[in-house]
Amino acid sequence: MERHDVIVVGGGLAGLRAAVEAKLRGADVAVVSLLYPMRSHSVAAQGGINAALGNADPSDSVERHAFDTIKGADYLADQDAVLEYCQDAIERVLELDRWGVPFSRFEDGRIAQRPFGGAGFPRTCYAADKTGHAVMHTVFQQALRLGVAFYNERAVLRLARDEDGVRGLVAMNLQTGELEAYEAKAVIMATGGAGRIYARTTNSHQSTGFGMALAYWVGAPLEDMEFVQFHPTTLYGTNILISEAARGEGGILLNAKGERFMERYAPEKMELAPRDIVARAIWTEVLEGRGFENEYVHLVISHLGADLIMERLPQIWELALKFAGVDARKEPIPVQPGQHYTMGGIETDKHGRARIKGLYAAGECACVSVHGANRLGGNSLLECVVFGARAGASAAEDVQRRGFDGKEAVERALEEVEGRIKVLLERGREEGHSNPYRIRRDMQQAMWEYVGIFRDEEGLRKGVETIRRLRKEYRESAGVPAPPGPFNQGLLDALIIEGMLDVALVVAEGALRRTESRGGHYRTDYPKRDDEKWLKHTLAFYTPEGPEFDYKPVVITRWQPTERKY
Amino acid sequence: MPGRVREGETVRFTVFRFDPKSDKVPYYLEYEVPYRKGMTVLDGLLYILQELDPTLAFRYSCRAKICGSCAMMINGVQRLACETQVADLGRRVKVEPLAHFRVLKDLVVDIEPFLRQMEAVMPYLYPKEDVREPRVSPKEFEKYKSPSDCIWCGACVSACPVAATDPLFLGPAALTQLYRFAVDSRERDDVKPLRLLVADSEGSGVWRCHQVYACAEVCPKHIRPGSLIAELKRMTLKARLTGRI
């Protein structure tokens with residue numbers, strides 16, 4: 001059994017920042033990661049990271065950043081947390097600069113900032129259009145410098161919990177195929193988003209939401225899971241992200257009739273309205289027959305000039321060329337909305353603590369909530385460093401008052417996992433077992449079709465029924481015809497799919513219950529926001545039969561909810 | 001010219017298989033994969049995994065050439081499976097693990113020795129303690145811009161003829177990182193000579209590079225490690241001549 005004061009699950013940006021913080025504060029910290037850390041999906045963030053540095057416009061301020069975030073969130077964000085988040089932003093970003101992030105620069109040598117969706121000022125610091133890669137590698141490098149311990153290619157399969165909270169975890173070492181037990185005084189979840197529960201997503205193959213399921217299974221509620229962000233511009237065909245920076249730098253959207261249709265949806269902000277609004281606009285154009293091939297619209301950046309494109313948008317230029325065969329210096333990029341970000345997640349306070357002792361969360365898998373019903377571009381890398389650092393600090397502090405004593409809980413968790421694996425492998429040897437990949441595909445299709453950009457009661461009911469049916473099928477007949485051993489992707493995916501189904505059900509049922517439209521959750525049968533009934537956070541608690549729901553108030557301090565116009 | 005492939009036709013994937021636990025020698029299996037427009041080599045491997053053979057082992061994640069997981073030999077060349085279009089290869093695709101790396105299973109290789117190479121050059125910046133808000137001129141930024149793009153995929157190391165035969169050589173990826181930090185003014189000044197000493201080390205440093213530029217040929221991020229190593233040679237020599245190291 002391995003033992004560490006603090007174990008961080010996940011080697012992406014939030015997890016690495018948490019580990020660095022805990023290490024700097026003297027804790028014994030280890031990262032247990034499904035991938036080698038530099039493979040984590042934070043590297044795919046493109047456009048930038050927000051902080052009111054005022055380098056582009058000195059009249060920007062922390063308060064303006066907070067207001068933009070809250071308005072962008074359609075007033076579902078907790079305002080006390082948002083203000084602290086925007087305050088921390090400045091120091092966290094300057095610290096990244098000191099650590100070596102290759103930020104793009106203004107002539108005076110300060111970090112360059114660009115305009116982004118839903119922001120009143122050019123506030124987004126960037127490293128060309130590869131900001132996630134730049135920031136995450138830098139924090140990974142600092143973690144190496146500080147001597148953080150890494151257990152790589154370990155898939156965490158269960159958290160160990162007893163009456164005193166979370167005590168450790170069980171992981172599969174992919175390199176050996178063996179199960180390993182870990183004891184910890186604090187476990188920080190930093191496992192990223194749940195994009196892969198949808199058929200069309202910008203997220204990596206490993207962004208399954210399984211970490212959320214792990215916390216949910218041991219009793220931590222998932223908050224606001226029905227709020228899913230669909231990014232307006234993903235590459236048609238592969239749904240690879242085409243950064244909002246393309247529009248921040250001046251790119252425009254055109255439908256098949258050559259109209260700059262955003263005029264009709266957000267006359268003031270146009271293409272730089274928040275993502276939920278632009279995504280709905282694009283999808284409306286397509287559904288009403290003004291798209292191309294009933295699938296996509298055009299993102300045009302050619303007028304920006306080849307020099308600017310190659311300096312500030314080189315990655316999306318190359319992605320469009322490689323994956324869509326389009327030279328964006330001369331031709332429009334075919335784009336359509338796709339799932340991009342999970343606003344909801346493991347409920348935490350503004351210091352990264354979950355409701356269960358010993359459990360913490362940060363980054364996309366967590367819900368503080370600072371993004372409310374819709375996250376602004378440039379705020380997710382920021383969330384990883386701000387709340388990663390906060391969770392790391394909280395854990396480092398709390399472990400001083402906690403012992404290990406988790407042996408029994410960990411052994412119980414180990415037995416549970418062994419049981420699950422045995423069932424999957426035994427069934428895999430039987431004829432007629434269900435292929436977990438087929439179950440996953442059906443789930444992804446149902447989520448896209450029924451719990452997507454536009455929702456209504458009839459569709460959501462179908463979505464819920466489909467997920468419940470697939471869950472039943474999984475429990476009764478899913479099997480894996482692959483012998484145990486190293487790098488058994490089939491077995492691992494089968495284990496993960498169980499968690500994906502549970503997370504998908506929380507999203508679908510939460511969306512069915514919420515009879516209003518707010519941010520990323522749009523109900524065609526309830527097209528208005530309903531603050532009287534629904535200015536509250538959704539909480540989903542695990543039961544074997546399905547989620548049980550509760551609600552809690554939104555923290556409103558100085559910004560009263562008003563209608564959101566752009 | 002690669003043979004034309006059309007939607008609905010099948011592509012033959014010849015895949016290297018090896019499980020050190022049960023196999024004495026590696027072997028190849030062939031799979032028929034239906035082609036669809038835009039299919040990448042990674043898409044083909046995922047089809048095999050999900051529909052034909054759940055025992056196939058390979059690494060993958062972002063599918064957008066930024067995580068560096070899926071570097072492998074594709075028709076004999078180091079490439080990322082996720083960005084390689086099957087249409088560019090024709091109807092036969094041969095997939096093998098990254099050359100000169102130890103195979104753990106099938107297409108999965110042991111990258112630990114590669115990580116040790118990277119760690120040996122201290123691939124991290126030692127921050128200055130007394131500067132709150134660093135300034136970097138756009139011109140200086142240009143120096144470390146390209147090498148900062150490295151995704152640690154290992155393709156260059158696999159392609160390098162020196163690294164292939166000399167386990168002591170730091171290799172193109174690590175030396176690229178060494179260069180990247182050596183030219184960054186945000187780092188503590190007292191660390192710089194140490195970096196050049198590492199570059200200068202006789203058995204493993206820049207002088208072992210024969211400037212073959214195989215690294216640059218295969219880098220999916222268009223970095224030219226060979227050129228950066230040549231620049232490191234100049235920097236090292238100058239530091240030696242001026243008594244800085």
# chains A, B, ... in the order shown; residues from 1 in each chain; ligands from 1

call {"tool": "interface_residues", "arguments": {"of": "chain A", "to": "chain B", "cutoff": "6 Å", "atoms": "only C-alpha atoms", "output": "CSV table (one decimal) with N, CA and C atoms, in the first residue's frame"}}
result
chain,number,residue,atom,x,y,z
A,39,ARG,N,0.3,14.6,-21.2
A,39,ARG,CA,-0.7,14.2,-22.1
A,39,ARG,C,-2.1,14.7,-21.8
A,98,ARG,N,6.3,34.2,-14.3
A,98,ARG,CA,7.6,34.1,-13.6
A,98,ARG,C,8.1,32.6,-13.8
A,99,TRP,N,7.2,31.7,-13.8
A,99,TRP,CA,7.6,30.3,-14.0
A,99,TRP,C,8.0,29.9,-15.4
A,105,ARG,N,3.6,38.7,-26.3
A,105,ARG,CA,4.0,39.9,-25.6
A,105,ARG,C,3.5,41.1,-26.4
A,109,GLY,N,6.9,44.7,-23.7
A,109,GLY,CA,7.4,43.5,-22.9
A,109,GLY,C,6.4,42.9,-22.0
A,110,ARG,N,5.2,43.5,-21.8
A,110,ARG,CA,4.2,43.0,-20.9
A,110,ARG,C,3.4,41.9,-21.7
A,141,GLN,N,6.4,21.3,-15.4
A,141,GLN,CA,7.9,21.5,-15.3
A,141,GLN,C,8.2,21.9,-13.8
A,142,GLN,N,7.4,22.9,-13.3
A,142,GLN,CA,7.6,23.3,-11.9
A,142,GLN,C,7.4,22.2,-10.9
A,204,SER,N,-10.9,15.4,-25.2
A,204,SER,CA,-10.1,14.2,-25.5
A,204,SER,C,-10.8,12.9,-25.3
A,205,HIS,N,-10.3,11.9,-25.8
A,205,HIS,CA,-10.9,10.6,-25.5
A,205,HIS,C,-10.9,10.2,-24.1
A,206,GLN,N,-10.0,10.8,-23.3
A,206,GLN,CA,-10.0,10.5,-21.9
A,206,GLN,C,-10.8,11.4,-21.0
A,482,ALA,N,-11.3,-9.7,-23.1
A,482,ALA,CA,-9.9,-9.5,-23.2
A,482,ALA,C,-9.3,-10.0,-21.9
A,487,PHE,N,-2.0,-2.7,-20.1
A,487,PHE,CA,-2.7,-1.9,-21.1
A,487,PHE,C,-3.9,-2.6,-21.7
A,490,GLY,N,-9.7,-2.3,-23.3
A,490,GLY,CA,-11.0,-2.7,-23.4
A,490,GLY,C,-11.6,-2.8,-22.0

call {"tool": "residues_around", "arguments": {"residues": "segment 245-257 of chain A", "least_positions_apart": "6", "cutoff": "10 Å", "atoms": "only C-alpha atoms", "output": "JSON, numbers by chain"}}
result
{"A": [46, 47, 48, 114, 115, 116, 117, 122, 124, 126, 128, 129, 233, 270, 271, 272, 278, 282, 285, 286, 289, 290, 291, 292, 293, 294, 296, 297, 298, 299, 300, 301, 302, 303, 304, 308, 309, 312, 313, 316, 317, 332, 333, 334, 335, 377, 378]}

call {"tool": "write_last_selection", "arguments": {"atoms": "N, CA and C atoms", "output": "compact mmCIF listing (two decimals), in the first residue's frame"}}
result
# COMPACT_ATOMS: atom_id res chain seq x y z
N GLN A 46 -6.86 26.58 -26.00
CA GLN A 46 -6.15 27.34 -27.03
C GLN A 46 -6.07 28.83 -26.73
N GLY A 47 -7.23 29.46 -26.57
CA GLY A 47 -7.32 30.92 -26.68
C GLY A 47 -6.64 31.72 -25.60
N GLY A 48 -6.70 31.32 -24.34
CA GLY A 48 -6.05 32.14 -23.35
C GLY A 48 -6.55 31.97 -21.94
N ARG A 114 -5.96 39.86 -25.40
CA ARG A 114 -6.82 39.97 -26.57
C ARG A 114 -8.30 39.97 -26.15
N PRO A 115 -9.18 40.48 -27.02
CA PRO A 115 -10.60 40.43 -26.70
C PRO A 115 -11.13 38.99 -26.75
N PHE A 116 -12.13 38.71 -25.94
CA PHE A 116 -12.73 37.38 -25.93
C PHE A 116 -14.23 37.52 -25.69
N GLY A 117 -14.95 36.44 -25.93
CA GLY A 117 -16.41 36.48 -25.83
C GLY A 117 -16.90 36.89 -24.45
N PRO A 122 -10.21 43.79 -23.47
CA PRO A 122 -9.25 42.75 -23.90
C PRO A 122 -8.50 42.26 -22.66
N THR A 124 -7.77 38.69 -22.11
CA THR A 124 -7.32 37.31 -22.21
C THR A 124 -5.84 37.25 -22.57
N TYR A 126 -2.45 35.32 -23.55
CA TYR A 126 -2.37 34.16 -24.43
C TYR A 126 -0.94 33.84 -24.85
N ALA A 128 0.07 32.61 -28.23
CA ALA A 128 -0.51 32.37 -29.56
C ALA A 128 -1.90 31.75 -29.37
N ASP A 129 -2.15 30.58 -30.02
CA ASP A 129 -3.42 29.90 -29.76
C ASP A 129 -3.15 28.51 -29.20
N THR A 233 -17.67 26.96 -32.24
CA THR A 233 -16.86 26.68 -33.43
C THR A 233 -15.97 25.47 -33.22
N MET A 270 -22.03 40.80 -31.38
CA MET A 270 -21.85 39.99 -32.59
C MET A 270 -21.19 38.65 -32.30
N GLU A 271 -20.10 38.34 -33.00
CA GLU A 271 -19.45 37.03 -32.82
C GLU A 271 -18.84 36.86 -31.43
N LEU A 272 -18.71 37.97 -30.69
CA LEU A 272 -18.10 37.86 -29.36
C LEU A 272 -19.13 37.87 -28.24
N VAL A 278 -23.84 32.22 -29.09
CA VAL A 278 -23.32 32.01 -30.44
C VAL A 278 -23.59 30.58 -30.91
N ILE A 282 -25.73 29.62 -34.28
CA ILE A 282 -25.24 28.79 -35.38
C ILE A 282 -26.18 27.61 -35.62
N GLU A 285 -29.36 28.62 -37.33
CA GLU A 285 -29.15 28.81 -38.77
C GLU A 285 -29.15 27.47 -39.49
N VAL A 286 -28.48 26.50 -38.92
CA VAL A 286 -28.40 25.18 -39.56
C VAL A 286 -29.77 24.51 -39.57
N GLY A 289 -32.15 25.73 -42.09
CA GLY A 289 -31.81 25.51 -43.49
C GLY A 289 -30.83 26.52 -44.08
N ARG A 290 -30.22 27.35 -43.24
CA ARG A 290 -29.27 28.33 -43.79
C ARG A 290 -27.81 27.92 -43.55
N GLY A 291 -27.62 26.65 -43.19
CA GLY A 291 -26.25 26.16 -43.03
C GLY A 291 -25.78 25.47 -44.31
N PHE A 292 -24.59 24.92 -44.26
CA PHE A 292 -24.05 24.13 -45.37
C PHE A 292 -24.29 22.66 -45.07
N GLU A 293 -24.79 21.93 -46.04
CA GLU A 293 -25.04 20.49 -45.90
C GLU A 293 -25.83 20.17 -44.63
N ASN A 294 -26.66 21.10 -44.19
CA ASN A 294 -27.43 20.94 -42.95
C ASN A 294 -26.56 20.59 -41.75
N TYR A 296 -23.18 22.79 -40.93
CA TYR A 296 -22.18 23.74 -40.44
C TYR A 296 -22.35 25.12 -41.07
N VAL A 297 -21.62 26.10 -40.49
CA VAL A 297 -21.53 27.44 -41.09
C VAL A 297 -20.05 27.73 -41.35
N HIS A 298 -19.77 28.92 -41.85
CA HIS A 298 -18.39 29.28 -42.16
C HIS A 298 -17.83 30.26 -41.14
N LEU A 299 -16.63 29.97 -40.69
CA LEU A 299 -15.86 30.91 -39.88
C LEU A 299 -14.79 31.49 -40.81
N VAL A 300 -14.81 32.79 -41.00
CA VAL A 300 -13.89 33.41 -41.96
C VAL A 300 -12.84 34.22 -41.20
N ILE A 301 -11.58 33.90 -41.44
CA ILE A 301 -10.49 34.70 -40.85
C ILE A 301 -9.53 35.21 -41.91
N SER A 302 -9.81 34.88 -43.18
CA SER A 302 -8.83 35.20 -44.23
C SER A 302 -8.54 36.70 -44.32
N HIS A 303 -9.56 37.53 -43.98
CA HIS A 303 -9.36 38.99 -44.08
C HIS A 303 -8.38 39.51 -43.03
N LEU A 304 -8.04 38.69 -42.04
CA LEU A 304 -7.09 39.15 -41.01
C LEU A 304 -5.67 39.21 -41.56
N LEU A 308 -0.93 37.91 -39.54
CA LEU A 308 -1.57 37.82 -38.22
C LEU A 308 -1.97 36.37 -37.93
N ILE A 309 -2.50 35.70 -38.93
CA ILE A 309 -2.92 34.31 -38.72
C ILE A 309 -1.73 33.45 -38.28
N ARG A 312 -0.66 34.68 -34.57
CA ARG A 312 -1.52 34.53 -33.40
C ARG A 312 -2.45 33.33 -33.46
N LEU A 313 -2.66 32.79 -34.65
CA LEU A 313 -3.58 31.66 -34.77
C LEU A 313 -2.95 30.50 -35.55
N ILE A 316 -4.71 26.83 -35.08
CA ILE A 316 -6.00 26.54 -35.72
C ILE A 316 -5.86 26.54 -37.24
N TRP A 317 -4.92 27.34 -37.74
CA TRP A 317 -4.66 27.28 -39.18
C TRP A 317 -4.22 25.87 -39.57
N PRO A 332 -12.80 29.83 -46.01
CA PRO A 332 -13.52 29.76 -44.73
C PRO A 332 -13.34 28.39 -44.06
N ILE A 333 -13.45 28.38 -42.72
CA ILE A 333 -13.35 27.13 -41.97
C ILE A 333 -14.77 26.63 -41.69
N PRO A 334 -15.07 25.36 -42.01
CA PRO A 334 -16.41 24.84 -41.71
C PRO A 334 -16.52 24.51 -40.21
N VAL A 335 -17.48 25.14 -39.53
CA VAL A 335 -17.59 24.93 -38.08
C VAL A 335 -19.02 24.63 -37.68
N GLY A 377 -15.06 32.18 -22.17
CA GLY A 377 -13.77 31.74 -22.69
C GLY A 377 -12.64 32.41 -21.91
N GLY A 378 -11.55 31.66 -21.71
CA GLY A 378 -10.42 32.21 -20.95
C GLY A 378 -10.55 32.03 -19.45

call {"tool": "residues_around", "arguments": {"residues": "Ala281 of chain A", "least_positions_apart": "6", "cutoff": "9 Å", "atoms": "only C-alpha atoms", "output": "NGL selection string"}}
result
:A and (232 or 261-262 or 264-265)

call {"tool": "select_by_dssp", "arguments": {"residues": "segment 323-487 of chain A", "states": "strand (DSSP E)", "output": "count of residues only"}}
result
18

call {"tool": "residues_around", "arguments": {"residues": "Glu202 of chain B", "least_positions_apart": "6", "cutoff": "12 Å", "atoms": "only C-alpha atoms", "output": "list in words"}}
result
Leu168, Phe169, Leu170, Leu196, Arg208, Cys209, Lys233 and Thr236 of chain B

call {"tool": "select_by_dssp", "arguments": {"residues": "segment 75-120 of chain B", "states": "helix (DSSP H, G or I)", "output": "count of residues only"}}
result
12

call {"tool": "residues_around", "arguments": {"residues": "Pro172 of chain B", "least_positions_apart": "5", "cutoff": "12 Å", "atoms": "only C-alpha atoms", "output": "number ranges by chain"}}
result
B: 114, 117-118, 121, 147, 150, 152-164, 177-179, 199, 204-216, 218-219, 223-230, 232

call {"tool": "residues_around", "arguments": {"residues": "Val166 of chain A", "least_positions_apart": "4", "cutoff": "12 Å", "atoms": "only C-alpha atoms", "output": "PyMOL selection string"}}
result
chain A and resi 6-7+158-162+170+182-189+214-215+217-220+353-360+402-410+413

call {"tool": "closest_residue", "arguments": {"among": "A:Asp502, A:Asp68, A:Glu415, A:Glu180", "to": "Pro274 of chain A", "atoms": "only C-alpha atoms"}}
result
A:Asp68

call {"tool": "atom_distance", "arguments": {"atom1": "atom CA of Val82 of chain A", "atom2": "atom CA of Arg375 of chain A"}}
result
11.7 Å

call {"tool": "atom_distance", "arguments": {"atom1": "atom CA of Leu222 of chain A", "atom2": "atom CA of Leu470 of chain A"}}
result
20.9 Å

call {"tool": "closest_residue", "arguments": {"among": "B:Val191, B:Pro167, B:Gly203, B:Asp23", "to": "Arg244 of chain B", "atoms": "only C-alpha atoms"}}
result
B:Val191

call {"tool": "atom_distance", "arguments": {"atom1": "atom CA of Tyr198 of chain A", "atom2": "atom CA of Asp442 of chain A"}}
result
9.7 Å

call {"tool": "residues_around", "arguments": {"residues": "Arg280 of chain A", "least_positions_apart": "3", "cutoff": "8 Å", "atoms": "only C-alpha atoms", "output": "ChimeraX atom specification"}}
result
/A:232,276-277,283-284,453-454

call {"tool": "closest_residue", "arguments": {"among": "A:Leu157, A:Thr562, A:Ala504, A:Ala181", "to": "Asp530 of chain A", "atoms": "only C-alpha atoms"}}
result
A:Thr562
